[in-house]
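Chemist: Sending over a structure as structure tokens; questions will come in a sec.
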Amino acid sequence: MAALCTQSERLAEAHGGFLSASVQVSDDGRRVLNCLQWRTREEGEAAFQRFEQGEESFWALIRAHQARAVTFGSFQVLRSFERSHDDALHCRLNG
């Protein structure tokens with residue numbers, strides 16, 4: 001999971017249009033969910049293509065950890081919200 005977090009951080013730092021990322025792991029540690037959000041589909045695809053051309057590809061990471069399933073999807077972000085340090089919900093409008 002640490003390697004996936006590192007790769008997500010590299011994508012966020014190096015490519016424009018990044019909105020957010022999360023890496024989640026199940027209680028038993030057997031399942032991991034990584035979600036990256038970009039401002040537009042085009043920016044996300046461009047970031048992933050440039051990332052794939054780097055030294056350590058996403059596919060190498062998948063093979064090294066013997067992932068059983070990989071799913072790719074593209075969605076339009078309508079609204080996202082998060083809890084802040086003061087325990088309030090904050091909504092970021094996208095659009």
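Order determines the names: the first chain of the structure tokens is A, the second B, and so forth; residues in each chain are numbered 1 upward, and ligands are numbered 1 upward as they are shown.
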If you count only C-alpha atoms, which residues fall within 7 Å of A:Arg39, apart from same-chain ones fewer than 4 positions away, as a list in words?
Modeler: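 The residues that qualify are Gly17, Phe18, Leu19 and Glu43 of chain A.
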Chemist: For the atom pair atom CA of A:Arg79 and atom CA of A:Gly44, what is the interatomic distance in Å to one decimal place?
Modeler: 17.3 Å
